[in-house]
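> Structure supplied as data.cif; contents: mmCIF, C-alpha atoms.
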```cif
data_data
#
loop_
_atom_site.label_atom_id
_atom_site.label_comp_id
_atom_site.auth_asym_id
_atom_site.auth_seq_id
_atom_site.Cartn_x
_atom_site.Cartn_y
_atom_site.Cartn_z
CA MET A 1 50.44 2.65 4.83
CA THR A 2 47.08 4.17 5.56
CA PRO A 3 44.12 3.49 3.27
CA ILE A 4 44.19 7.10 2.03
CA LEU A 5 47.87 6.83 1.07
CA LEU A 6 47.25 3.51 -0.71
CA LYS A 7 44.37 4.96 -2.73
CA THR A 8 46.41 8.06 -3.52
CA ALA A 9 49.27 5.87 -4.73
CA ALA A 10 46.87 3.93 -6.95
CA ALA A 11 45.48 7.16 -8.40
CA ILE A 12 48.98 8.48 -9.09
CA ALA A 13 49.94 5.22 -10.80
CA ALA A 14 46.84 5.45 -12.99
CA ALA A 15 47.64 9.04 -13.86
CA ALA A 16 51.22 8.02 -14.67
CA GLY A 17 50.01 5.89 -17.53
CA LEU A 18 49.13 2.42 -16.26
CA ALA A 19 45.58 3.05 -17.39
CA TYR A 20 44.40 3.74 -20.92
CA THR A 21 44.91 7.50 -21.18
CA ALA A 22 45.18 8.48 -24.84
CA ALA A 23 43.42 11.85 -24.69
CA ASP A 24 42.60 11.87 -28.42
CA ASP A 25 40.39 8.81 -27.96
CA PHE A 26 38.21 10.37 -25.26
CA THR A 27 34.93 12.08 -26.01
CA ALA A 28 32.16 13.39 -23.81
CA GLY A 29 30.62 10.61 -21.78
CA SER A 30 32.05 7.12 -21.92
CA PRO A 31 35.19 6.99 -24.08
CA TYR A 32 34.17 3.54 -25.29
CA GLU A 33 30.59 4.32 -26.27
CA GLY A 34 29.24 1.51 -28.42
CA ALA A 35 32.45 -0.52 -28.16
CA GLU A 36 31.17 -3.32 -25.93
CA LEU A 37 32.32 -6.80 -26.87
CA SER A 38 29.71 -9.46 -27.60
CA SER A 39 32.34 -12.19 -28.03
CA LEU A 40 36.06 -12.63 -27.62
CA ASP A 41 38.25 -15.27 -29.23
CA ALA A 42 41.54 -16.69 -27.99
CA ARG A 43 43.57 -14.90 -30.71
CA ALA A 44 42.52 -11.50 -29.37
CA ILE A 45 44.20 -12.27 -26.05
CA GLU A 46 47.67 -11.97 -27.62
CA GLY A 47 47.12 -8.35 -28.62
CA HIS A 48 45.48 -7.55 -25.30
CA ALA A 49 48.39 -9.12 -23.39
CA ALA A 50 50.95 -7.18 -25.45
CA VAL A 51 49.30 -3.84 -24.68
CA LEU A 52 48.98 -4.62 -20.96
CA PHE A 53 52.57 -5.84 -20.82
CA ALA A 54 53.84 -2.58 -22.35
CA ARG A 55 51.81 -0.54 -19.86
CA ALA A 56 53.01 -2.57 -16.88
CA ASP A 57 56.70 -2.52 -17.88
CA ARG A 58 57.20 0.99 -16.54
CA ASN A 59 61.02 0.86 -16.59
CA GLU A 60 61.00 -0.65 -20.11
CA ASP A 61 63.39 -3.49 -19.24
CA ARG A 62 61.22 -6.00 -21.19
CA VAL A 63 60.17 -7.86 -18.03
CA ILE A 64 57.56 -7.16 -15.39
CA ASP A 65 58.65 -7.36 -11.78
CA VAL A 66 56.34 -8.13 -8.87
CA HIS A 67 55.79 -4.44 -8.09
CA GLU A 68 54.85 -3.59 -11.69
CA PHE A 69 52.47 -6.56 -11.81
CA ALA A 70 50.84 -5.62 -8.50
CA ALA A 71 50.48 -1.99 -9.62
CA LEU A 72 48.86 -3.06 -12.90
CA SER A 73 46.48 -5.37 -11.04
CA ILE A 74 45.47 -2.80 -8.43
CA VAL A 75 45.02 0.06 -10.89
CA SER A 76 43.10 -2.15 -13.34
CA ALA A 77 40.82 -3.37 -10.54
CA GLU A 78 40.23 0.15 -9.23
CA LEU A 79 39.41 1.52 -12.69
CA ALA A 80 37.16 -1.42 -13.53
CA ARG A 81 35.23 -0.98 -10.29
CA LEU A 82 34.85 2.78 -10.74
CA ASN A 83 33.95 2.60 -14.45
CA GLY A 84 31.82 -0.54 -14.31
CA PHE A 85 33.68 -2.14 -17.21
CA VAL A 86 37.00 -3.72 -18.16
CA VAL A 87 38.87 -2.49 -21.24
CA ILE A 88 40.08 -5.18 -23.63
CA GLU A 89 42.52 -4.16 -26.34
CA THR A 90 41.54 -5.78 -29.64
CA HIS A 91 42.76 -5.50 -33.24
CA SER A 92 40.05 -2.90 -33.80
CA GLY A 93 40.99 -0.85 -30.74
CA PRO A 94 39.90 -0.78 -27.12
CA GLN A 95 36.56 -2.38 -26.37
CA THR A 96 34.74 -2.97 -23.12
CA LEU A 97 33.32 -5.83 -21.13
CA ARG A 98 30.64 -4.79 -18.69
CA LEU A 99 31.51 -5.65 -15.12
CA VAL A 100 28.37 -6.89 -13.43
CA ALA A 101 28.31 -5.27 -10.00
CA ASN A 102 25.84 -3.59 -7.70
CA GLU A 103 27.15 -0.11 -8.45
CA PRO A 104 30.54 1.45 -9.16
CA ALA A 105 32.63 1.94 -6.05
CA SER A 106 36.28 2.33 -5.23
CA LEU A 107 38.25 -0.40 -3.51
CA GLY A 108 38.09 -0.50 0.25
CA PHE A 109 41.22 -1.09 2.29
CA ALA A 110 40.56 -4.82 2.77
CA GLU A 111 39.77 -5.31 -0.94
CA HIS A 112 42.91 -3.39 -1.91
CA ALA A 113 45.00 -5.61 0.38
CA ARG A 114 43.32 -8.76 -1.04
CA ILE A 115 44.03 -7.73 -4.63
CA ASN A 116 47.62 -6.88 -3.75
CA ALA A 117 48.11 -10.32 -2.15
CA VAL A 118 46.36 -12.19 -4.98
CA SER A 119 48.32 -10.35 -7.66
CA ARG A 120 51.65 -11.05 -5.95
CA ALA A 121 50.82 -14.75 -5.53
CA THR A 122 49.72 -14.90 -9.17
CA PHE A 123 52.94 -13.21 -10.25
CA TYR A 124 55.10 -15.82 -8.51
CA ALA A 125 52.99 -18.64 -9.97
CA PHE A 126 53.75 -17.45 -13.52
CA ALA A 127 57.22 -15.92 -13.13
CA GLY A 128 60.16 -18.13 -13.95
CA GLU A 129 63.18 -18.76 -11.81
CA ASP A 130 64.40 -15.26 -12.68
CA VAL A 131 61.44 -13.90 -10.64
CA ALA A 132 60.29 -11.69 -13.50
CA LEU A 133 57.52 -12.05 -16.07
CA SER A 134 58.68 -12.08 -19.67
CA ALA A 135 56.21 -11.19 -22.40
CA ASP A 136 55.67 -14.92 -23.03
CA GLU A 137 55.03 -15.63 -19.34
CA PHE A 138 52.60 -12.70 -19.16
CA LEU A 139 50.82 -14.04 -22.25
CA ALA A 140 50.59 -17.45 -20.56
CA TYR A 141 48.96 -15.75 -17.57
CA GLN A 142 46.45 -13.94 -19.80
CA LYS A 143 45.70 -17.16 -21.70
CA SER A 144 45.06 -18.96 -18.40
CA GLN A 145 42.53 -16.25 -17.46
CA PHE A 146 40.82 -16.75 -20.81
CA ALA A 147 40.83 -20.56 -20.51
CA ALA A 148 39.34 -20.41 -17.01
CA ALA A 149 36.42 -18.37 -18.34
CA ASP A 150 35.94 -20.52 -21.48
CA PHE A 151 33.53 -22.93 -19.80
CA ASP A 152 32.62 -24.84 -22.97
CA GLN A 153 36.26 -24.90 -24.18
CA ASP A 154 35.34 -23.72 -27.69
CA GLY A 155 38.06 -21.04 -27.92
CA ALA A 156 35.61 -18.14 -27.70
CA LEU A 157 33.95 -16.28 -24.85
CA GLU A 158 30.30 -15.31 -25.10
CA LYS A 159 27.58 -14.15 -22.70
CA GLY A 160 28.26 -15.53 -19.20
CA GLU A 161 31.81 -16.44 -20.15
CA LEU A 162 32.52 -12.77 -20.96
CA SER A 163 31.19 -11.80 -17.56
CA ALA A 164 33.45 -14.37 -15.87
CA TYR A 165 36.44 -13.11 -17.85
CA ALA A 166 35.68 -9.48 -16.93
CA LYS A 167 35.54 -10.47 -13.26
CA ARG A 168 38.90 -12.22 -13.56
CA GLN A 169 40.49 -9.22 -15.26
CA ALA A 170 39.14 -6.91 -12.52
CA LEU A 171 40.06 -9.39 -9.76
CA VAL A 172 36.52 -9.48 -8.39
CA ALA A 173 36.57 -11.71 -5.31
CA THR A 174 33.99 -14.20 -6.61
CA ALA A 175 36.06 -14.98 -9.73
CA VAL A 176 39.44 -15.49 -8.10
#
```
Could you rewrite the structure in this file as structure tokens?


Amino acid sequence: MTPILLKTAAAIAAAAGLAYTAADDFTAGSPYEGAELSSLDARAIEGHAAVLFARADRNEDRVIDVHEFAALSIVSAELARLNGFVVIETHSGPQTLRLVANEPASLGFAEHARINAVSRATFYAFAGEDVALSADEFLAYQKSQFAAADFDQDGALEKGELSAYAKRQALVATAV
């Protein structure tokens, strides 16, 4: 596929609902104005994982296949790069983690291919012998992302840990 077709496919997937698109929640400017997280605890990851799982399970068969996982990863990375933040679903609604980057930009062809490869390898690392991610396996993946960013192992992410977690959620090359 050409880079233009790949980016078009990612945009179509985002428009199809893999991204947060509840129109009632959007206002002029940033839809998450004032909703930036200052800390994140391990319990919040369960709700976040459940929302992401539901978005990724496009055929609603209660498992995520490798294509659904790759699509979620690519669309999430593209949106995070363009918006400059990662959306984390919490008990009080969607909140953001600022993605520290030079400036918002879309994925280039090489970066798109890298994210696709990393997401597929990650999928197979967490999928069971049935080669599908159950909700529990997806939660285990999300918890591993949290644990990797929890440098002091206190069960909460703050400051630099939040930045590391945002990079992992957006699949920024330096965090993978």

> Going by the chain IDs and residue numbers used in this file, which residues fall under the PyMOL selection byres ((chain A and resi 160-172) around 6)? Write them as a count of residues only.

11

> Quick one: residues within 8 Å of A:Asp41, all atoms listed in the file, excluding same-chain residues fewer than 4 positions away - as a ChimeraX atom specification?

/A:45,155-157

> Which value, in Å to one decimal, gives the distance between atom CA of A:Phe109 and atom CA of A:Val87?

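Result for atom CA of A:Phe109 versus atom CA of A:Val87: 23.7 Å, one decimal.
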
> Which residues, written as a list in words, have at least one atom at most 7 Å from A:Gln95, with only C-alpha atoms counted and residues fewer than 3 positions away on the same chain left out?

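So the residues in contact are Tyr32, Ala35, Glu36, Leu37, Val87, Ile88, Glu89 and Thr90 of chain A.
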
> How close does stretch 33-123 of chain A get to stretch 133-142 of chain A? List, as a tab-separated table, each residue of stretch 33-123 of chain A within 6 Å, its nearest atom pair and the distance in Å to one decimal, counting only C-alpha atoms.


```
residue	atom	partner	partner_atom	distance
A:Ala49	CA	A:Leu139	CA	5.6
A:Val63	CA	A:Ser134	CA	4.8
A:Ile64	CA	A:Leu133	CA	4.9
```

> How far is it from atom CA of A:Glu60 to atom CA of A:Pro94, in Å with one decimal?

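These two atoms are separated by 22.2 Å.
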
> Applying 10 Å and only C-alpha atoms, which residues near stretch 112-122 of chain A remain after dropping the ones on its own chain fewer than 5 positions away? List them as a PyMOL selection string.

chain A and resi 3+6-7+10+65-75+77-78+106-107+127+141+170-173+176

> For A:Arg81, which residue among A:Arg43, A:Asp152, A:Arg58, A:Gly108 is the nearest when counting all atoms listed in the file?

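Using all atoms listed in the file, A:Arg81 sits closest to A:Gly108.
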
> Report, in Å with one decimal, the straight-line distance from atom CA of A:Asn83 to atom CA of A:Phe151.

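Interatomic distance, atom CA of A:Asn83 to atom CA of A:Phe151: 26.1 Å.
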